[in-house]
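> Contents of protein-v9.cif (mmCIF, C-alpha atoms and all ligand atoms) are given next:
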data_target
loop_
_atom_site.group_PDB
_atom_site.id
_atom_site.type_symbol
_atom_site.label_atom_id
_atom_site.label_comp_id
_atom_site.auth_asym_id
_atom_site.auth_seq_id
_atom_site.Cartn_x
_atom_site.Cartn_y
_atom_site.Cartn_z
ATOM 1 C CA MET A 984 -85.064 -51.866 -43.155
ATOM 2 C CA VAL A 985 -82.815 -48.828 -43.485
ATOM 3 C CA ASP A 986 -84.589 -45.505 -43.964
ATOM 4 C CA ARG A 987 -83.468 -42.625 -46.116
ATOM 5 C CA ASN A 988 -81.850 -40.665 -43.263
ATOM 6 C CA GLU A 989 -79.783 -43.667 -42.220
ATOM 7 C CA ALA A 990 -78.709 -44.216 -45.826
ATOM 8 C CA GLU A 991 -77.647 -40.580 -46.120
ATOM 9 C CA SER A 992 -75.717 -40.777 -42.891
ATOM 10 C CA ALA A 993 -73.888 -43.874 -44.169
ATOM 11 C CA VAL A 994 -72.779 -41.818 -47.181
ATOM 12 C CA ARG A 995 -71.645 -39.079 -44.765
ATOM 13 C CA THR A 996 -69.527 -41.712 -42.995
ATOM 14 C CA LEU A 997 -67.875 -42.690 -46.287
ATOM 15 C CA LEU A 998 -67.153 -39.027 -47.026
ATOM 16 C CA ASN A 999 -65.547 -38.737 -43.592
ATOM 17 C CA TYR A 1000 -63.450 -41.791 -44.395
ATOM 18 C CA LEU A 1001 -62.105 -39.931 -47.433
ATOM 19 C CA GLU A 1002 -61.737 -36.395 -46.185
ATOM 20 C CA GLY A 1003 -62.278 -36.291 -42.441
ATOM 21 C CA ASP A 1004 -65.356 -34.807 -40.818
ATOM 22 C CA GLU A 1005 -64.692 -31.047 -41.215
ATOM 23 C CA GLY A 1006 -67.129 -30.909 -44.111
ATOM 24 C CA ARG A 1007 -67.074 -28.348 -46.913
ATOM 25 C CA GLU A 1008 -69.541 -26.567 -49.126
ATOM 26 C CA GLY A 1009 -69.154 -28.819 -52.160
ATOM 27 C CA THR A 1010 -69.978 -32.025 -50.304
ATOM 28 C CA ASN A 1011 -72.529 -30.606 -47.892
ATOM 29 C CA ARG A 1012 -75.531 -32.005 -49.721
ATOM 30 C CA THR A 1013 -73.676 -34.911 -51.346
ATOM 31 C CA PRO A 1014 -75.277 -37.579 -49.134
ATOM 32 C CA GLU A 1015 -78.791 -36.496 -50.258
ATOM 33 C CA ARG A 1016 -77.692 -36.352 -53.874
ATOM 34 C CA VAL A 1017 -76.070 -39.775 -53.709
ATOM 35 C CA ILE A 1018 -79.217 -41.394 -52.339
ATOM 36 C CA GLU A 1019 -81.345 -39.562 -54.909
ATOM 37 C CA ALA A 1020 -79.046 -40.861 -57.646
ATOM 38 C CA TRP A 1021 -79.206 -44.364 -56.158
ATOM 39 C CA ASP A 1022 -83.005 -44.311 -56.278
ATOM 40 C CA GLU A 1023 -82.703 -43.744 -60.004
ATOM 41 C CA ILE A 1024 -79.722 -46.025 -60.703
ATOM 42 C CA PHE A 1025 -81.305 -48.860 -58.720
ATOM 43 C CA SER A 1026 -84.908 -48.325 -59.804
ATOM 44 C CA GLY A 1027 -84.956 -51.916 -61.095
ATOM 45 C CA TYR A 1028 -85.806 -53.145 -57.605
ATOM 46 C CA LYS A 1029 -89.196 -51.452 -57.867
ATOM 47 C CA GLY A 1030 -90.358 -53.117 -61.072
ATOM 48 C CA ASP A 1031 -91.191 -56.611 -62.214
ATOM 49 C CA ALA A 1032 -91.198 -58.427 -65.521
ATOM 50 C CA SER A 1033 -94.834 -59.514 -65.385
ATOM 51 C CA SER A 1034 -96.111 -55.937 -65.428
ATOM 52 C CA ILE A 1035 -93.700 -54.987 -68.251
ATOM 53 C CA LEU A 1036 -94.703 -57.965 -70.411
ATOM 54 C CA LYS A 1037 -98.361 -58.020 -69.377
ATOM 55 C CA ALA A 1038 -99.831 -56.359 -72.470
ATOM 56 C CA THR A 1039 -99.304 -58.578 -75.502
ATOM 57 C CA PHE A 1040 -100.848 -58.379 -78.973
ATOM 58 C CA ASN A 1041 -101.933 -60.844 -81.576
ATOM 59 C CA GLY A 1042 -98.939 -61.440 -83.859
ATOM 60 C CA GLU A 1043 -101.276 -62.156 -86.830
ATOM 61 C CA GLY A 1044 -99.177 -65.074 -87.938
ATOM 62 C CA TYR A 1045 -95.830 -63.275 -87.922
ATOM 63 C CA ASP A 1046 -93.284 -66.023 -87.331
ATOM 64 C CA GLY A 1047 -89.920 -64.341 -87.983
ATOM 65 C CA ILE A 1048 -87.345 -62.853 -85.676
ATOM 66 C CA VAL A 1049 -88.201 -59.723 -83.700
ATOM 67 C CA LEU A 1050 -84.942 -58.012 -82.730
ATOM 68 C CA LEU A 1051 -84.275 -54.843 -80.790
ATOM 69 C CA SER A 1052 -80.566 -54.159 -81.004
ATOM 70 C CA ASN A 1053 -78.130 -51.649 -79.542
ATOM 71 C CA ILE A 1054 -80.200 -51.032 -76.407
ATOM 72 C CA GLU A 1055 -77.851 -49.014 -74.223
ATOM 73 C CA PHE A 1056 -77.827 -49.965 -70.576
ATOM 74 C CA HIS A 1057 -76.088 -48.861 -67.394
ATOM 75 C CA SER A 1058 -75.606 -51.172 -64.473
ATOM 76 C CA THR A 1059 -73.592 -51.460 -61.281
ATOM 77 C CA CYS A 1060 -71.282 -54.307 -60.360
ATOM 78 C CA GLU A 1061 -72.315 -55.977 -57.141
ATOM 79 C CA HIS A 1062 -68.719 -56.629 -56.072
ATOM 80 C CA HIS A 1063 -67.259 -53.111 -56.175
ATOM 81 C CA LEU A 1064 -70.264 -50.824 -56.752
ATOM 82 C CA GLN A 1065 -68.564 -49.727 -59.969
ATOM 83 C CA PRO A 1066 -70.608 -48.889 -63.050
ATOM 84 C CA PHE A 1067 -70.598 -51.049 -66.132
ATOM 85 C CA SER A 1068 -72.407 -50.143 -69.303
ATOM 86 C CA GLY A 1069 -72.827 -51.149 -72.888
ATOM 87 C CA HIS A 1070 -75.401 -52.468 -75.321
ATOM 88 C CA ALA A 1071 -77.916 -55.251 -75.287
ATOM 89 C CA HIS A 1072 -79.462 -57.049 -78.241
ATOM 90 C CA VAL A 1073 -82.725 -58.802 -77.491
ATOM 91 C CA ALA A 1074 -84.581 -61.055 -79.915
ATOM 92 C CA TYR A 1075 -87.430 -63.507 -79.875
ATOM 93 C CA ILE A 1076 -89.557 -65.453 -82.333
ATOM 94 C CA PRO A 1077 -93.222 -65.132 -81.386
ATOM 95 C CA VAL A 1078 -95.550 -68.098 -81.424
ATOM 96 C CA ASP A 1079 -98.712 -66.029 -81.476
ATOM 97 C CA ARG A 1080 -98.286 -63.149 -79.035
ATOM 98 C CA ILE A 1081 -96.039 -60.167 -79.647
ATOM 99 C CA VAL A 1082 -95.107 -57.408 -77.241
ATOM 100 C CA GLY A 1083 -94.609 -53.641 -77.710
ATOM 101 C CA ILE A 1084 -90.987 -53.252 -78.798
ATOM 102 C CA SER A 1085 -90.113 -50.699 -76.086
ATOM 103 C CA LYS A 1086 -90.925 -53.370 -73.527
ATOM 104 C CA LEU A 1087 -87.746 -55.214 -74.510
ATOM 105 C CA ALA A 1088 -85.714 -52.125 -73.581
ATOM 106 C CA ARG A 1089 -87.643 -51.768 -70.315
ATOM 107 C CA LEU A 1090 -86.891 -55.386 -69.507
ATOM 108 C CA VAL A 1091 -83.156 -54.773 -69.940
ATOM 109 C CA ASP A 1092 -83.364 -51.713 -67.643
ATOM 110 C CA LEU A 1093 -85.369 -53.650 -65.062
ATOM 111 C CA HIS A 1094 -82.455 -56.012 -64.548
ATOM 112 C CA ALA A 1095 -79.591 -53.611 -65.286
ATOM 113 C CA ARG A 1096 -80.767 -51.112 -62.687
ATOM 114 C CA ARG A 1097 -79.876 -53.313 -59.756
ATOM 115 C CA LEU A 1098 -76.647 -54.571 -58.198
ATOM 116 C CA GLN A 1099 -75.588 -57.021 -60.829
ATOM 117 C CA ASN A 1100 -73.146 -59.056 -62.770
ATOM 118 C CA GLN A 1101 -73.464 -59.131 -66.546
ATOM 119 C CA GLU A 1102 -74.146 -62.859 -66.715
ATOM 120 C CA ARG A 1103 -77.197 -62.533 -64.467
ATOM 121 C CA ILE A 1104 -78.724 -59.654 -66.468
ATOM 122 C CA THR A 1105 -78.327 -61.686 -69.665
ATOM 123 C CA LYS A 1106 -79.891 -64.786 -68.170
ATOM 124 C CA SER A 1107 -82.700 -62.915 -66.405
ATOM 125 C CA VAL A 1108 -83.845 -61.146 -69.586
ATOM 126 C CA ALA A 1109 -83.881 -64.475 -71.452
ATOM 127 C CA ASP A 1110 -85.727 -66.168 -68.556
ATOM 128 C CA ASP A 1111 -88.408 -63.458 -68.551
ATOM 129 C CA LEU A 1112 -88.942 -63.654 -72.308
ATOM 130 C CA GLU A 1113 -89.295 -67.425 -72.143
ATOM 131 C CA HIS A 1114 -91.531 -67.323 -69.136
ATOM 132 C CA HIS A 1115 -93.924 -64.535 -70.149
ATOM 133 C CA LEU A 1116 -94.043 -64.778 -73.964
ATOM 134 C CA ASN A 1117 -93.435 -68.475 -74.426
ATOM 135 C CA PRO A 1118 -91.651 -67.774 -77.740
ATOM 136 C CA LEU A 1119 -90.187 -70.252 -80.219
ATOM 137 C CA GLY A 1120 -86.815 -68.873 -79.245
ATOM 138 C CA ALA A 1121 -85.181 -66.028 -77.342
ATOM 139 C CA ALA A 1122 -81.693 -64.570 -77.767
ATOM 140 C CA VAL A 1123 -80.036 -62.040 -75.488
ATOM 141 C CA ILE A 1124 -76.537 -60.659 -76.033
ATOM 142 C CA LEU A 1125 -74.830 -58.041 -73.886
ATOM 143 C CA GLU A 1126 -71.593 -56.240 -74.605
ATOM 144 C CA ALA A 1127 -70.194 -54.015 -71.879
ATOM 145 C CA HIS A 1128 -67.214 -52.142 -70.489
ATOM 146 C CA HIS A 1129 -66.675 -52.557 -66.784
ATOM 147 C CA GLY A 1130 -65.631 -49.747 -64.472
ATOM 148 C CA CYS A 1131 -63.954 -52.241 -62.160
ATOM 149 C CA MET A 1132 -61.544 -53.194 -64.925
ATOM 150 C CA ARG A 1133 -61.087 -49.665 -66.242
ATOM 151 C CA CYS A 1134 -60.184 -47.699 -63.134
ATOM 152 C CA ARG A 1135 -58.844 -50.323 -60.768
ATOM 153 C CA GLY A 1136 -57.397 -53.840 -60.813
ATOM 154 C CA VAL A 1137 -56.098 -54.786 -64.274
ATOM 155 C CA MET A 1138 -56.806 -51.274 -65.662
ATOM 156 C CA LYS A 1139 -57.950 -52.311 -69.135
ATOM 157 C CA GLN A 1140 -59.802 -49.492 -70.889
ATOM 158 C CA ASN A 1141 -61.169 -51.208 -73.957
ATOM 159 C CA ALA A 1142 -61.730 -54.797 -72.940
ATOM 160 C CA THR A 1143 -65.295 -55.686 -73.909
ATOM 161 C CA MET A 1144 -67.172 -58.386 -72.081
ATOM 162 C CA THR A 1145 -69.785 -60.255 -74.119
ATOM 163 C CA THR A 1146 -72.394 -62.589 -72.700
ATOM 164 C CA SER A 1147 -75.171 -64.434 -74.474
ATOM 165 C CA SER A 1148 -78.146 -66.539 -73.612
ATOM 166 C CA MET A 1149 -79.793 -68.582 -76.377
ATOM 167 C CA ARG A 1150 -83.087 -70.320 -75.775
ATOM 168 C CA GLY A 1151 -85.392 -72.542 -77.765
ATOM 169 C CA VAL A 1152 -84.737 -72.553 -81.488
ATOM 170 C CA PHE A 1153 -81.729 -70.224 -81.096
ATOM 171 C CA PHE A 1154 -80.138 -72.809 -78.829
ATOM 172 C CA ASP A 1155 -81.171 -75.847 -80.861
ATOM 173 C CA LYS A 1156 -80.573 -74.668 -84.414
ATOM 174 C CA ALA A 1157 -77.296 -73.234 -85.698
ATOM 175 C CA GLU A 1158 -79.139 -71.626 -88.670
ATOM 176 C CA ALA A 1159 -81.476 -69.664 -86.397
ATOM 177 C CA ARG A 1160 -78.553 -68.564 -84.266
ATOM 178 C CA ALA A 1161 -76.581 -67.509 -87.357
ATOM 179 C CA GLU A 1162 -79.563 -65.510 -88.648
ATOM 180 C CA VAL A 1163 -80.009 -63.547 -85.452
ATOM 181 C CA MET A 1164 -76.255 -62.901 -85.198
ATOM 182 C CA GLN A 1165 -76.257 -61.586 -88.760
ATOM 183 C CA LEU A 1166 -79.202 -59.272 -88.068
ATOM 184 C CA ILE A 1167 -77.389 -57.934 -84.995
ATOM 185 C CA ARG A 1168 -74.220 -57.289 -87.023
ATOM 186 C CA ARG A 1169 -76.214 -55.490 -89.734
ATOM 187 C CA SER A 1170 -77.837 -53.224 -87.178
ATOM 188 C CA GLU A 1171 -74.562 -52.015 -85.703
ATOM 189 C CA PRO A 1172 -74.507 -48.229 -85.782
HETATM 190 ZN ZN ZN B 1 -66.595 -55.121 -59.865
#
Rewrite the coordinates I just gave you, this time as structure tokens.
Ligand code: ZN


Amino acid sequence: MVDRNEAESAVRTLLNYLEGDEGREGTNRTPERVIEAWDEIFSGYKGDASSILKATFNGEGYDGIVLLSNIEFHSTCEHHLQPFSGHAHVAYIPVDRIVGISKLARLVDLHARRLQNQERITKSVADDLEHHLNPLGAAVILEAHHGCMRCRGVMKQNATMTTSSMRGVFFDKAEARAEVMQLIRRSEP
């Protein structure tokens, strides 16, 4: 286990790699700030889906789609430590239990705020919905721009990566899938 001081000194080493070890005012406290920022950016490691989805409510027979769209998220690519960010659309069809709508956004953050790839966030959110809510269907779509493509490598500024995970009725039935896709399109800002 690496403690906070060791983490800060590792950042100091990286700064030395860039600029040498003379140090200067502007970067004096950078190692502390970087680790503070990391605690926030990677706060997903501290949470878990079961506590987010623990409190459910009686759906009172509601059997349509529940969709929270355009959930902005920020994540970090596990290969280059570059940021990637975009929007998530998360939907499910309750069987009898519904969940507070903000919990869907918290679930996205739980997985986004770790070292990630976009495919895994998409799959993990769908897995959690299936596992904890046991819905008739779950649909998760992520659209993101990746720092690793924007500022290095192929240098593409506007390439959008889209990933989707369809479960239950959204996987089995084209009509259900088409309905959720249409609702997502209609909710575009
Ligand atoms: Zn990357």

> Between A:Pro1014, A:Gly1006, A:Gly1027, A:Gly1069, which one has atoms that come closest to Arg1096 in chain A, using only C-alpha atoms?

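Closest candidate: A:Gly1027.
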
> Could you tell me which residues the PyMOL selection byres (((chain A and resi 985-1000) around 7) and not hetatm) returns for this structure, as a PDB file with C-alpha atoms, in the coordinates of the input?


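Below you can see selection_30.pdb, which holds the result:
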ATOM      1  CA  MET A 984     -85.064 -51.866 -43.155  1.00  0.00           C
ATOM      2  CA  LEU A1001     -62.105 -39.931 -47.433  1.00  0.00           C
ATOM      3  CA  GLU A1002     -61.737 -36.395 -46.185  1.00  0.00           C
ATOM      4  CA  GLY A1003     -62.278 -36.291 -42.441  1.00  0.00           C
ATOM      5  CA  ASP A1004     -65.356 -34.807 -40.818  1.00  0.00           C
ATOM      6  CA  PRO A1014     -75.277 -37.579 -49.134  1.00  0.00           C
ATOM      7  CA  GLU A1015     -78.791 -36.496 -50.258  1.00  0.00           C
ATOM      8  CA  ILE A1018     -79.217 -41.394 -52.339  1.00  0.00           C
TER       9      ILE A1018
END

> When you look at range 1110-1122 of chain A with a cut-off of 10 Å (counting all atoms listed in the file), what residues show up, excluding the ones that are within fewer than 5 positions of it in the same chain? I need them as a ChimeraX atom specification.

/A:1031-1033,1035-1037,1039,1046-1050,1072-1082,1087,1090,1104-1105,1147-1156,1159-1160,1163-1164

> Please dump the current selection as a PDB file, in the coordinates of the input; keep C-alpha atoms.


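Ended up saving to result07.pdb:
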ATOM      1  CA  ASP A1031     -91.191 -56.611 -62.214  1.00  0.00           C
ATOM      2  CA  ALA A1032     -91.198 -58.427 -65.521  1.00  0.00           C
ATOM      3  CA  SER A1033     -94.834 -59.514 -65.385  1.00  0.00           C
ATOM      4  CA  ILE A1035     -93.700 -54.987 -68.251  1.00  0.00           C
ATOM      5  CA  LEU A1036     -94.703 -57.965 -70.411  1.00  0.00           C
ATOM      6  CA  LYS A1037     -98.361 -58.020 -69.377  1.00  0.00           C
ATOM      7  CA  THR A1039     -99.304 -58.578 -75.502  1.00  0.00           C
ATOM      8  CA  ASP A1046     -93.284 -66.023 -87.331  1.00  0.00           C
ATOM      9  CA  GLY A1047     -89.920 -64.341 -87.983  1.00  0.00           C
ATOM     10  CA  ILE A1048     -87.345 -62.853 -85.676  1.00  0.00           C
ATOM     11  CA  VAL A1049     -88.201 -59.723 -83.700  1.00  0.00           C
ATOM     12  CA  LEU A1050     -84.942 -58.012 -82.730  1.00  0.00           C
ATOM     13  CA  HIS A1072     -79.462 -57.049 -78.241  1.00  0.00           C
ATOM     14  CA  VAL A1073     -82.725 -58.802 -77.491  1.00  0.00           C
ATOM     15  CA  ALA A1074     -84.581 -61.055 -79.915  1.00  0.00           C
ATOM     16  CA  TYR A1075     -87.430 -63.507 -79.875  1.00  0.00           C
ATOM     17  CA  ILE A1076     -89.557 -65.453 -82.333  1.00  0.00           C
ATOM     18  CA  PRO A1077     -93.222 -65.132 -81.386  1.00  0.00           C
ATOM     19  CA  VAL A1078     -95.550 -68.098 -81.424  1.00  0.00           C
ATOM     20  CA  ASP A1079     -98.712 -66.029 -81.476  1.00  0.00           C
ATOM     21  CA  ARG A1080     -98.286 -63.149 -79.035  1.00  0.00           C
ATOM     22  CA  ILE A1081     -96.039 -60.167 -79.647  1.00  0.00           C
ATOM     23  CA  VAL A1082     -95.107 -57.408 -77.241  1.00  0.00           C
ATOM     24  CA  LEU A1087     -87.746 -55.214 -74.510  1.00  0.00           C
ATOM     25  CA  LEU A1090     -86.891 -55.386 -69.507  1.00  0.00           C
ATOM     26  CA  ILE A1104     -78.724 -59.654 -66.468  1.00  0.00           C
ATOM     27  CA  THR A1105     -78.327 -61.686 -69.665  1.00  0.00           C
ATOM     28  CA  SER A1147     -75.171 -64.434 -74.474  1.00  0.00           C
ATOM     29  CA  SER A1148     -78.146 -66.539 -73.612  1.00  0.00           C
ATOM     30  CA  MET A1149     -79.793 -68.582 -76.377  1.00  0.00           C
ATOM     31  CA  ARG A1150     -83.087 -70.320 -75.775  1.00  0.00           C
ATOM     32  CA  GLY A1151     -85.392 -72.542 -77.765  1.00  0.00           C
ATOM     33  CA  VAL A1152     -84.737 -72.553 -81.488  1.00  0.00           C
ATOM     34  CA  PHE A1153     -81.729 -70.224 -81.096  1.00  0.00           C
ATOM     35  CA  PHE A1154     -80.138 -72.809 -78.829  1.00  0.00           C
ATOM     36  CA  ASP A1155     -81.171 -75.847 -80.861  1.00  0.00           C
ATOM     37  CA  LYS A1156     -80.573 -74.668 -84.414  1.00  0.00           C
ATOM     38  CA  ALA A1159     -81.476 -69.664 -86.397  1.00  0.00           C
ATOM     39  CA  ARG A1160     -78.553 -68.564 -84.266  1.00  0.00           C
ATOM     40  CA  VAL A1163     -80.009 -63.547 -85.452  1.00  0.00           C
ATOM     41  CA  MET A1164     -76.255 -62.901 -85.198  1.00  0.00           C
TER      42      MET A1164
END

> Where does chain A meet ligand ZN 1 (chain B) within 6 Å, residue by residue, with the nearest atom pair and distance in Å to one decimal for each, counting all atoms listed in the file, listed by chain and rising number, as a tab-separated table?


residue	atom	partner	partner_atom	distance
A:Cys1060	CA	B:ZN1	ZN	4.8
A:His1062	CA	B:ZN1	ZN	4.6
A:His1063	CA	B:ZN1	ZN	4.3
A:Gln1065	CA	B:ZN1	ZN	5.7
A:Cys1131	CA	B:ZN1	ZN	4.5

> Edge lengths and centre in Å to one decimal, as JSON, is what I'm after for the box along x, y and z that holds all listed atoms of range 1046-1061 of chain A once 5 Å is added on each side.


{"center_x": -82.3, "center_y": -57.4, "center_z": -72.6, "size_x": 32.0, "size_y": 27.2, "size_z": 40.8}

> On this structure, the PyMOL selection byres (((chain A and resi 1170) around 12) and not hetatm) would catch which residues? List them as a ChimeraX atom specification, sorted by chain and number.

/A:1050-1054,1072,1163-1169,1171-1172

> Could you tell me how far CA of His1057 in chain A sits from CA of Val1017 in chain A, in Å to one decimal place?

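Distance reported for this atom pair: 16.4 Å.
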
> Would you kindly return, as a PyMOL selection string, each protein, DNA or RNA residue with an atom no farther than 9 Å from any atom of Ser1107 in chain A, considering all atoms listed in the file and excluding same-chain residues fewer than 5 positions away?

chain A and resi 1091+1094+1102+1112

> In terms of the shortest atom-to-atom distance over all atoms listed in the file, which of A:Ala1020, A:Val1123, A:Ala1038, A:Val1137 is closest to Ile1084 in chain A?

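With all atoms listed in the file as the atom set, the closest residue is A:Ala1038.
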
> Would you compute the distance between CA of Gly1083 in chain A and CA of Phe1040 in chain A? Give it in Å to one decimal.

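Answer for the CA of Gly1083 in chain A to CA of Phe1040 in chain A separation: 7.9 Å.
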
> Would you compute the distance between CA of Ser1085 in chain A and CA of Glu1019 in chain A? Give it in Å to one decimal.

25.5 Å

> Please determine, counting only C-alpha atoms, which residue among A:Tyr1028, A:Ala1095, A:Thr1059, A:Phe1067 has the shortest atom-to-atom distance to Gln1140 in chain A.

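Counting only C-alpha atoms, the residue closest to Gln1140 in chain A is A:Phe1067.
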
> Could you tell me which of A:His1128, A:Arg1089, A:His1070, A:Arg1016 comes closest to Ala1142 in chain A if we count all atoms listed in the file?

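Of all the options, A:His1128 lies closest to Ala1142 in chain A.
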